[in-house]
file run.txt (compact mmCIF, C-alpha atoms)
# COMPACT_ATOMS: atom_id res chain seq x y z
CA MET A 1 -33.05 72.13 98.99
CA GLU A 2 -35.92 74.55 99.46
CA ALA A 3 -35.40 77.61 101.64
CA GLU A 4 -38.30 76.56 103.88
CA ALA A 5 -36.79 73.14 104.54
CA ALA A 6 -33.36 74.64 105.18
CA LYS A 7 -34.90 77.09 107.67
CA LEU A 8 -36.53 74.31 109.66
CA ILE A 9 -33.37 72.21 109.70
CA GLY A 10 -31.34 75.25 110.73
CA ALA A 11 -33.77 76.02 113.55
CA GLY A 12 -33.41 72.49 114.87
CA LEU A 13 -29.62 72.65 114.67
CA ALA A 14 -29.53 76.02 116.43
CA THR A 15 -31.10 74.55 119.55
CA LEU A 16 -28.06 72.26 119.94
CA GLY A 17 -26.28 75.34 121.30
CA MET A 18 -28.27 74.99 124.47
CA ILE A 19 -26.41 71.81 125.45
CA GLY A 20 -23.44 73.80 126.73
CA ALA A 21 -25.65 76.21 128.60
CA GLY A 22 -27.48 73.31 130.24
CA VAL A 23 -24.19 71.93 131.52
CA GLY A 24 -23.22 75.41 132.70
CA VAL A 25 -26.42 75.97 134.66
CA GLY A 26 -25.98 72.58 136.32
CA ASN A 27 -22.44 73.59 137.30
CA VAL A 28 -23.71 76.69 139.11
CA TRP A 29 -25.81 74.70 141.57
CA SER A 30 -23.33 71.85 141.77
CA ALA A 31 -20.69 74.32 142.98
CA TYR A 32 -23.24 75.87 145.37
CA PHE A 33 -24.05 72.52 146.96
CA GLY A 34 -20.38 71.65 147.20
CA ALA A 35 -19.61 74.97 148.87
CA ILE A 36 -22.38 74.78 151.47
CA ALA A 37 -21.48 71.15 152.15
CA ARG A 38 -18.00 72.28 153.12
CA ASN A 39 -19.03 75.49 154.87
CA PRO A 40 -22.73 75.69 155.80
CA ALA A 41 -22.30 79.19 157.23
CA SER A 42 -21.66 80.66 153.77
CA LYS A 43 -25.09 79.62 152.55
CA ASP A 44 -26.68 83.08 152.47
CA GLU A 45 -23.69 84.85 151.01
CA ILE A 46 -23.23 82.47 148.11
CA GLY A 47 -26.99 82.06 147.74
CA ALA A 48 -27.34 85.69 146.74
CA ASN A 49 -24.82 85.32 143.92
CA ILE A 50 -25.93 82.04 142.32
CA TRP A 51 -28.85 83.83 140.67
CA ILE A 52 -26.48 86.14 138.81
CA GLY A 53 -24.43 83.14 137.65
CA PHE A 54 -27.59 81.40 136.55
CA ALA A 55 -28.92 84.38 134.58
CA VAL A 56 -25.62 85.01 132.82
CA THR A 57 -25.28 81.34 131.82
CA GLU A 58 -28.94 81.10 130.82
CA ALA A 59 -28.42 84.07 128.51
CA ILE A 60 -26.19 81.92 126.28
CA ALA A 61 -28.96 79.33 126.03
CA LEU A 62 -31.35 82.08 125.04
CA PHE A 63 -29.00 83.39 122.36
CA ALA A 64 -29.19 79.93 120.74
CA LEU A 65 -32.97 79.73 121.19
CA LEU A 66 -33.31 83.20 119.73
CA VAL A 67 -31.51 82.13 116.54
CA ALA A 68 -33.88 79.17 116.26
CA ILE A 69 -36.97 81.34 116.74
CA MET A 70 -35.70 83.94 114.30
CA LEU A 71 -35.24 81.22 111.69
CA LEU A 72 -38.74 79.89 112.27
CA PHE A 73 -40.74 83.09 112.44
CA VAL A 74 -38.73 86.07 111.32
CA VAL A 75 -36.60 85.05 108.33
CA MET B 1 -57.72 84.65 100.39
CA ALA B 2 -59.98 86.74 102.58
CA THR B 3 -59.59 84.35 105.52
CA GLU B 4 -55.83 84.41 105.05
CA SER B 5 -55.56 88.17 105.38
CA THR B 6 -57.90 88.39 108.35
CA ASP B 7 -56.05 85.46 109.93
CA ALA B 8 -52.78 87.33 109.59
CA GLU B 9 -54.37 90.44 111.11
CA ALA B 10 -55.74 88.48 114.04
CA GLY B 11 -52.35 86.91 114.55
CA HIS B 12 -52.96 83.45 113.17
CA ALA B 13 -50.71 81.52 110.83
CA GLU B 14 -52.28 79.43 108.13
CA GLY B 15 -54.29 76.58 109.58
CA GLY B 16 -55.58 78.54 112.56
CA ILE B 17 -52.49 78.06 114.75
CA PRO B 18 -51.90 81.31 116.63
CA ASP B 19 -48.84 83.18 115.42
CA PRO B 20 -46.60 83.76 118.46
CA MET B 21 -44.79 86.77 116.97
CA HIS B 22 -47.95 88.83 116.51
CA GLN B 23 -47.93 89.99 120.13
CA PHE B 24 -44.69 91.93 119.63
CA GLU B 25 -46.06 94.21 116.94
CA ILE B 26 -46.11 97.91 117.65
CA HIS B 27 -49.28 99.80 116.79
CA PRO B 28 -49.77 103.55 117.02
CA ILE B 29 -52.53 104.62 119.39
CA GLY B 30 -54.66 107.56 118.35
CA GLY B 31 -53.34 108.07 114.86
CA LYS B 32 -49.92 108.25 113.31
CA ILE B 33 -47.86 111.38 113.91
CA GLU B 34 -44.90 112.10 111.66
CA LEU B 35 -42.24 114.73 112.19
CA GLY B 36 -39.55 115.23 109.57
CA GLY B 37 -39.87 111.71 108.20
CA LEU B 38 -39.70 110.08 111.65
CA ASP B 39 -42.66 108.28 113.12
CA ILE B 40 -43.19 109.73 116.59
CA SER B 41 -46.72 108.50 117.21
CA PHE B 42 -47.77 107.31 120.65
CA THR B 43 -47.66 103.50 120.43
CA ASN B 44 -48.72 100.60 122.62
CA SER B 45 -45.08 100.32 123.70
CA SER B 46 -45.04 103.97 124.82
CA LEU B 47 -48.35 103.48 126.60
CA TRP B 48 -47.00 100.68 128.74
CA MET B 49 -43.81 102.63 129.45
CA VAL B 50 -45.97 105.50 130.69
CA ILE B 51 -48.08 103.11 132.80
CA THR B 52 -44.88 101.65 134.29
CA ALA B 53 -43.43 105.07 135.11
CA VAL B 54 -46.71 106.29 136.64
CA LEU B 55 -47.12 103.09 138.66
CA VAL B 56 -43.60 103.19 140.06
CA THR B 57 -43.82 106.89 140.92
CA THR B 58 -47.25 106.46 142.55
CA LEU B 59 -46.13 103.44 144.55
CA LEU B 60 -43.11 105.26 145.94
CA MET B 61 -44.84 108.58 146.54
CA ILE B 62 -47.93 107.19 148.28
CA GLY B 63 -45.86 104.57 150.06
CA MET B 64 -43.60 107.14 151.64
CA ARG B 65 -46.32 109.68 152.38
CA SER B 66 -46.80 108.47 155.95
CA ARG B 67 -43.30 108.77 157.27
CA SER B 68 -43.80 106.54 160.31
CA LEU B 69 -40.80 105.02 162.00
CA VAL B 70 -42.47 101.63 162.10
CA PRO B 71 -43.62 101.24 158.50
CA GLY B 72 -47.06 100.09 157.47
CA ARG B 73 -47.54 97.68 154.57
CA LEU B 74 -47.18 100.03 151.61
CA GLN B 75 -44.33 101.95 153.20
CA SER B 76 -42.56 98.62 153.82
CA VAL B 77 -42.81 97.80 150.13
CA ALA B 78 -41.31 101.13 149.13
CA GLU B 79 -38.59 100.82 151.78
CA VAL B 80 -37.71 97.25 150.74
CA PHE B 81 -37.19 98.37 147.14
CA TYR B 82 -35.05 101.28 148.28
CA GLU B 83 -32.96 99.22 150.70
CA THR B 84 -32.36 96.32 148.33
CA ILE B 85 -31.00 98.58 145.61
CA ALA B 86 -29.11 100.81 148.07
CA ASN B 87 -27.40 97.71 149.50
CA MET B 88 -26.70 96.42 145.99
CA VAL B 89 -25.06 99.71 145.00
CA ARG B 90 -23.09 99.94 148.24
CA ASP B 91 -21.86 96.32 148.07
CA ASN B 92 -20.98 96.35 144.38
CA VAL B 93 -19.82 99.90 143.72
CA GLY B 94 -18.67 101.04 147.15
CA LYS B 95 -19.20 104.38 148.86
CA GLU B 96 -18.59 106.41 145.69
CA GLY B 97 -21.53 104.60 144.09
CA ARG B 98 -23.96 106.62 146.16
CA ALA B 99 -23.97 109.33 143.50
CA TYR B 100 -25.23 106.86 140.92
CA PHE B 101 -27.95 105.36 143.11
CA PRO B 102 -30.87 107.32 141.55
CA PHE B 103 -29.89 106.10 138.09
CA ILE B 104 -29.52 102.46 139.18
CA PHE B 105 -32.77 102.63 141.13
CA THR B 106 -34.67 104.07 138.16
CA LEU B 107 -33.19 101.42 135.88
CA PHE B 108 -34.19 98.61 138.23
CA MET B 109 -37.74 99.81 138.86
CA PHE B 110 -38.36 100.53 135.18
CA VAL B 111 -37.17 97.10 134.01
CA LEU B 112 -38.83 95.25 136.92
CA PHE B 113 -42.25 96.81 136.51
CA GLY B 114 -41.95 96.67 132.71
CA ASN B 115 -41.28 92.95 132.86
CA LEU B 116 -43.99 92.24 135.43
CA LEU B 117 -46.67 94.35 133.74
CA GLY B 118 -45.95 92.46 130.51
CA LEU B 119 -47.23 89.32 132.22
CA LEU B 120 -50.75 90.73 132.49
CA PRO B 121 -53.02 89.29 129.79
CA GLY B 122 -53.52 91.73 126.95
CA SER B 123 -50.59 93.96 127.87
CA PHE B 124 -47.42 94.70 125.96
CA THR B 125 -43.90 93.91 127.20
CA PHE B 126 -41.84 96.86 126.08
CA THR B 127 -38.63 95.19 127.32
CA SER B 128 -39.14 92.49 124.69
CA HIS B 129 -37.88 94.87 122.02
CA ILE B 130 -34.14 94.95 121.39
CA ILE B 131 -34.17 98.68 120.72
CA VAL B 132 -35.53 99.42 124.22
CA THR B 133 -33.07 97.16 126.02
CA PHE B 134 -30.22 98.26 123.76
CA ALA B 135 -30.97 101.90 124.50
CA MET B 136 -30.72 101.20 128.24
CA ALA B 137 -27.59 99.04 127.86
CA ILE B 138 -25.78 101.56 125.66
CA VAL B 139 -26.55 104.33 128.16
CA VAL B 140 -24.99 102.20 130.92
CA PHE B 141 -22.00 101.36 128.70
CA VAL B 142 -21.31 104.90 127.50
CA ALA B 143 -21.85 106.30 131.00
CA THR B 144 -19.46 103.81 132.64
CA THR B 145 -16.83 104.43 129.93
CA ILE B 146 -17.05 108.19 130.40
CA ILE B 147 -16.95 107.80 134.18
CA GLY B 148 -13.91 105.54 133.81
CA PHE B 149 -12.05 108.12 131.75
CA ALA B 150 -13.21 110.94 134.02
CA VAL B 151 -11.94 109.22 137.16
CA HIS B 152 -8.74 107.66 135.82
CA GLY B 153 -7.86 109.60 132.69
CA THR B 154 -5.90 107.67 130.07
CA HIS B 155 -4.85 105.25 132.81
CA TYR B 156 -8.30 103.73 132.27
CA LEU B 157 -6.92 102.09 129.11
CA ARG B 158 -4.93 99.84 131.47
CA MET B 159 -8.24 98.04 131.88
CA PHE B 160 -7.45 96.10 128.71
CA PHE B 161 -4.05 94.99 129.88
CA PRO B 162 -4.29 93.36 133.32
CA HIS B 163 -1.58 94.36 135.74
CA GLY B 164 1.20 91.84 136.11
CA ALA B 165 0.77 89.98 132.84
CA PRO B 166 3.98 89.43 130.82
CA ALA B 167 4.47 92.02 128.07
CA TRP B 168 4.46 89.52 125.23
CA THR B 169 0.92 88.36 126.06
CA ALA B 170 -0.34 91.84 125.26
CA VAL B 171 -0.69 90.91 121.58
CA ILE B 172 -3.37 88.31 122.35
CA LEU B 173 -4.73 89.70 125.59
CA VAL B 174 -5.58 93.26 124.53
CA PRO B 175 -7.85 92.29 121.60
CA ILE B 176 -9.59 89.67 123.74
CA GLU B 177 -10.15 92.12 126.58
CA LEU B 178 -11.26 94.81 124.14
CA VAL B 179 -13.83 92.56 122.49
CA SER B 180 -15.08 91.36 125.86
CA TYR B 181 -15.46 94.98 126.99
CA LEU B 182 -17.27 96.02 123.81
CA SER B 183 -19.59 93.01 124.03
CA ARG B 184 -20.98 94.26 127.37
CA PRO B 185 -23.85 96.38 126.00
CA ILE B 186 -24.73 93.63 123.54
CA SER B 187 -24.87 90.86 126.13
CA LEU B 188 -26.65 93.09 128.64
CA SER B 189 -29.38 94.07 126.16
CA VAL B 190 -29.77 90.70 124.41
CA ARG B 191 -30.04 88.85 127.74
CA LEU B 192 -33.07 90.87 128.80
CA PHE B 193 -34.67 91.04 125.37
CA ALA B 194 -34.20 87.31 124.65
CA ASN B 195 -35.56 86.25 128.04
CA MET B 196 -38.69 88.36 127.63
CA THR B 197 -39.27 87.41 123.98
CA VAL B 198 -38.74 83.70 124.52
CA GLY B 199 -40.99 83.69 127.59
CA HIS B 200 -43.85 85.34 125.78
CA VAL B 201 -43.45 83.20 122.65
CA LEU B 202 -43.61 80.12 124.89
CA PHE B 203 -46.84 81.43 126.45
CA LYS B 204 -48.46 81.86 123.04
CA VAL B 205 -47.31 78.50 121.68
CA ILE B 206 -48.59 76.56 124.72
CA ALA B 207 -51.78 78.60 124.72
CA GLY B 208 -52.22 77.60 121.09
CA PHE B 209 -52.01 73.97 122.15
CA VAL B 210 -54.64 74.55 124.85
CA ILE B 211 -57.09 75.86 122.28
CA LEU B 212 -56.29 73.29 119.63
CA MET B 213 -56.59 70.27 121.91
CA GLY B 214 -60.16 70.97 122.99
CA VAL B 215 -61.06 68.99 126.12
CA ALA B 216 -57.56 67.53 126.45
CA GLY B 217 -56.31 71.11 126.57
CA VAL B 218 -56.35 70.90 130.37
CA VAL B 219 -52.88 69.32 130.30
CA PRO B 220 -51.13 72.18 128.48
CA PHE B 221 -53.18 74.57 130.61
CA LEU B 222 -51.65 73.17 133.81
CA PHE B 223 -48.24 73.41 132.16
CA LEU B 224 -49.05 77.01 131.33
CA ILE B 225 -49.70 77.75 135.01
CA GLY B 226 -46.22 76.41 135.84
CA ILE B 227 -44.69 78.42 133.00
CA THR B 228 -46.39 81.59 134.27
CA ALA B 229 -44.83 81.06 137.70
CA LEU B 230 -41.44 80.57 136.01
CA GLU B 231 -41.92 83.72 133.96
CA ILE B 232 -42.66 85.78 137.07
CA LEU B 233 -39.37 84.51 138.51
CA VAL B 234 -37.57 85.29 135.23
CA ALA B 235 -39.08 88.80 135.09
CA ILE B 236 -37.81 89.66 138.58
CA LEU B 237 -34.48 87.88 138.08
CA GLN B 238 -33.71 89.58 134.76
CA ALA B 239 -34.42 93.02 136.24
CA TYR B 240 -32.12 92.16 139.16
CA VAL B 241 -29.36 90.82 136.88
CA PHE B 242 -29.51 93.84 134.56
CA THR B 243 -29.14 96.14 137.53
CA ILE B 244 -26.42 94.20 139.30
CA LEU B 245 -24.35 93.89 136.12
CA SER B 246 -24.68 97.66 135.64
CA CYS B 247 -23.37 98.03 139.21
CA VAL B 248 -20.47 95.67 138.43
CA TYR B 249 -19.55 97.66 135.30
CA LEU B 250 -19.75 100.85 137.34
CA HIS B 251 -17.42 99.30 139.90
CA ASP B 252 -14.97 98.38 137.13
CA ALA B 253 -15.09 101.94 135.82
CA ILE B 254 -14.57 103.60 139.22
CA HIS B 255 -12.18 101.14 140.82
CA MET B 256 -10.63 99.37 137.79
CA HIS B 257 -10.76 95.73 138.88

call {"tool": "encode", "arguments": {"input": "run.txt", "output": "structure tokens"}}
result
Amino acid sequence: MEAEAAKLIGAGLATLGMIGAGVGVGNVWSAYFGAIARNPASKDEIGANIWIGFAVTEAIALFALLVAIMLLFVV
Amino acid sequence: MATESTDAEAGHAEGGIPDPMHQFEIHPIGGKIELGGLDISFTNSSLWMVITAVLVTTLLMIGMRSRSLVPGRLQSVAEVFYETIANMVRDNVGKEGRAYFPFIFTLFMFVLFGNLLGLLPGSFTFTSHIIVTFAMAIVVFVATTIIGFAVHGTHYLRMFFPHGAPAWTAVILVPIELVSYLSRPISLSVRLFANMTVGHVLFKVIAGFVILMGVAGVVPFLFLIGITALEILVAILQAYVFTILSCVYLHDAIHMH
């Protein structure tokens, strides 16, 4: 197999790592909605923290995307 | 051959598709300066760091010049920045965190304005380079480790063995905790760098579609408007997350869980 072909296949496979992060990001807001459904008064307090949870989970997705981009353009 | 080399200089891959990685190249401005084998020339990255620092300083100085009790517009902006970060430090680090407020505030403003200024067309996002974000993250990591040892002494090593766990779990738990602790500067720096890089690569790729599709390029152009809005959110969010995670690490160092 040529190196170029292997790079492109590898880049495609690397993006599969974002599946887990997608589920994780969905969990953040699912928990948020569940929490404010049970206790609407906690909306502001939790609302400030969901962004941190989102950014930390999203970072994992970006690690996978970064590998894909590095394979396409850098290697 | 001639078109190939000029294409590569202008940032195009073969076939005229714009090369999205060209925007991250560092060029010296005003000639290359070398000192003892190291390249210390003033680059486009340094230029935008200077612009960021000058902008932040000017905003805060001019904003707070009129010290009215009921703030005007510019003073409100300066006060909102100050209060947000002061509250963040107080809520996440506690009263002892007050001493570290200037550092956290500088970190936040530098990353925030660096990210936002990178969104201007034709500018350079200095936070999209791993060395810049790693330098900031390693400073936070080394500082919090030193603070942890300064406050707690060797008792700080208890951080890697949570209180109340059975002694036999130490064999598995200590390496896991150690690796998770050592991965902090890496995750902190890569999160910011990856977000900025990926955002700007996305811009260039979609912009390439706009140009290539001619009249039908309106569709990717509208998408690009949405992506720009998302990137503004990401720029602000990533600055906020970098800062708040630094505050959390500081809290861990001072209070130990």

call {"tool": "closest_atom_pairs", "arguments": {"input": "run.txt", "of": "chain A", "to": "chain B", "cutoff": "9 Å", "atoms": "all atoms listed in the file", "output": "JSON lines"}}
result
{"residue": "A:Trp51", "atom": "CA", "partner": "B:Leu237", "partner_atom": "CA", "distance": 7.4}
{"residue": "A:Ile52", "atom": "CA", "partner": "B:Val241", "partner_atom": "CA", "distance": 5.8}
{"residue": "A:Ala55", "atom": "CA", "partner": "B:Val241", "partner_atom": "CA", "distance": 6.9}
{"residue": "A:Val56", "atom": "CA", "partner": "B:Arg191", "partner_atom": "CA", "distance": 7.8}
{"residue": "A:Glu58", "atom": "CA", "partner": "B:Arg191", "partner_atom": "CA", "distance": 8.4}
{"residue": "A:Ala59", "atom": "CA", "partner": "B:Arg191", "partner_atom": "CA", "distance": 5.1}
{"residue": "A:Ile60", "atom": "CA", "partner": "B:Arg191", "partner_atom": "CA", "distance": 8.1}
{"residue": "A:Leu62", "atom": "CA", "partner": "B:Ala194", "partner_atom": "CA", "distance": 6.0}
{"residue": "A:Phe63", "atom": "CA", "partner": "B:Ala194", "partner_atom": "CA", "distance": 6.9}
{"residue": "A:Leu65", "atom": "CA", "partner": "B:Val198", "partner_atom": "CA", "distance": 7.8}
{"residue": "A:Leu66", "atom": "CA", "partner": "B:Ala194", "partner_atom": "CA", "distance": 6.5}
{"residue": "A:Ile69", "atom": "CA", "partner": "B:Val198", "partner_atom": "CA", "distance": 8.3}
{"residue": "A:Phe73", "atom": "CA", "partner": "B:Met21", "partner_atom": "CA", "distance": 7.1}
{"residue": "A:Val74", "atom": "CA", "partner": "B:Met21", "partner_atom": "CA", "distance": 8.3}

call {"tool": "atom_distance", "arguments": {"input": "run.txt", "atom1": "CA of Val139 (chain B)", "atom2": "CA of Thr127 (chain B)"}}
result
15.2 Å

call {"tool": "residues_around", "arguments": {"input": "run.txt", "residues": "Asn27 (chain A)", "least_positions_apart": "4", "cutoff": "10 Å", "atoms": "only C-alpha atoms", "output": "JSON, numbers by chain"}}
result
{"A": [21, 22, 23, 31, 32, 33, 53, 54, 57]}

call {"tool": "atom_distance", "arguments": {"input": "run.txt", "atom1": "CA of Ala99 (chain B)", "atom2": "CA of Glu79 (chain B)"}}
result
18.8 Å

call {"tool": "atom_distance", "arguments": {"input": "run.txt", "atom1": "CA of Val205 (chain B)", "atom2": "CA of Ala239 (chain B)"}}
result
24.3 Å
